[in-house]
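K.L.:
Here's a structure for you.
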Amino acid sequence: MDAAVLLAGHVRSIAKQARAARPGGSPEADLLAVLGRLVHQHADRFPALAEAIASQDGRDQALDFGLERILDGLEALITRRAGQLGEDQP
């Protein structure tokens with residue numbers, strides 16, 4: 001059940017960002033603009049992040065990226081739990 005809540009939360013978050021975006025705008029581009037300004041002000045503290053944000057090409061991939069990371073994590077959890085179950089059996 002926790003996995004379903006996690007996935008639903010990610011999708012809901014992305015949908016909320018899309019609704020909040022300016023008409024015809026991109027939620028990721030809007031967020032990137034705000035984060036870009038903030039990170040630029042502190043680029044000396046976060047040089048790798050500043051470089052990564054500066055090199056973005058405006059692709060909207062947050063939904064897919066997040067889902068892939070969540071599913072990768074769930075796969076690792078399932079694999080680890082399956083291995084632990086196997087260790088408990090004679």
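Going by the structure tokens order, chains are called A, B, ..., each with residues numbered from 1, while ligands are numbered from 1 in the order shown.
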Can you list, as a VMD selection string, every residue of chain A that DSSP puts in alpha helix (DSSP H)?

P.N.:
chain A and resid 2 to 20 27 to 41 47 to 54 62 to 88

K.L.:
For Gly36 (chain A), find every residue with an atom within 9 Å (counting only C-alpha atoms), except residues of its own chain fewer than 4 positions away, and show them as a ChimeraX atom specification.

P.N.:
/A:31-32,40-41,50,53-54

K.L.:
Could you pull the residues within 12 Å of Leu63 (chain A), counting only C-alpha atoms, minus those fewer than 5 positions along the same chain, as number ranges by chain?

P.N.:
A: 7-18, 27-28, 68-70

K.L.:
For CA of Ala3 (chain A) and CA of Gly73 (chain A), quote the distance in Å rounded to one decimal.

P.N.:
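Taking CA of Ala3 (chain A) as the start and CA of Gly73 (chain A) as the end point, the length is 10.1 Å.
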
K.L.:
Do you have the CA of Gly66 (chain A)-CA of Leu6 (chain A) distance handy?

P.N.:
10.6 Å

K.L.:
Would you mind reading off the distance between CA of Ile78 (chain A) and CA of Gln61 (chain A), one decimal, in Å?

P.N.:
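That distance, rounded to one decimal, is 25.5 Å.
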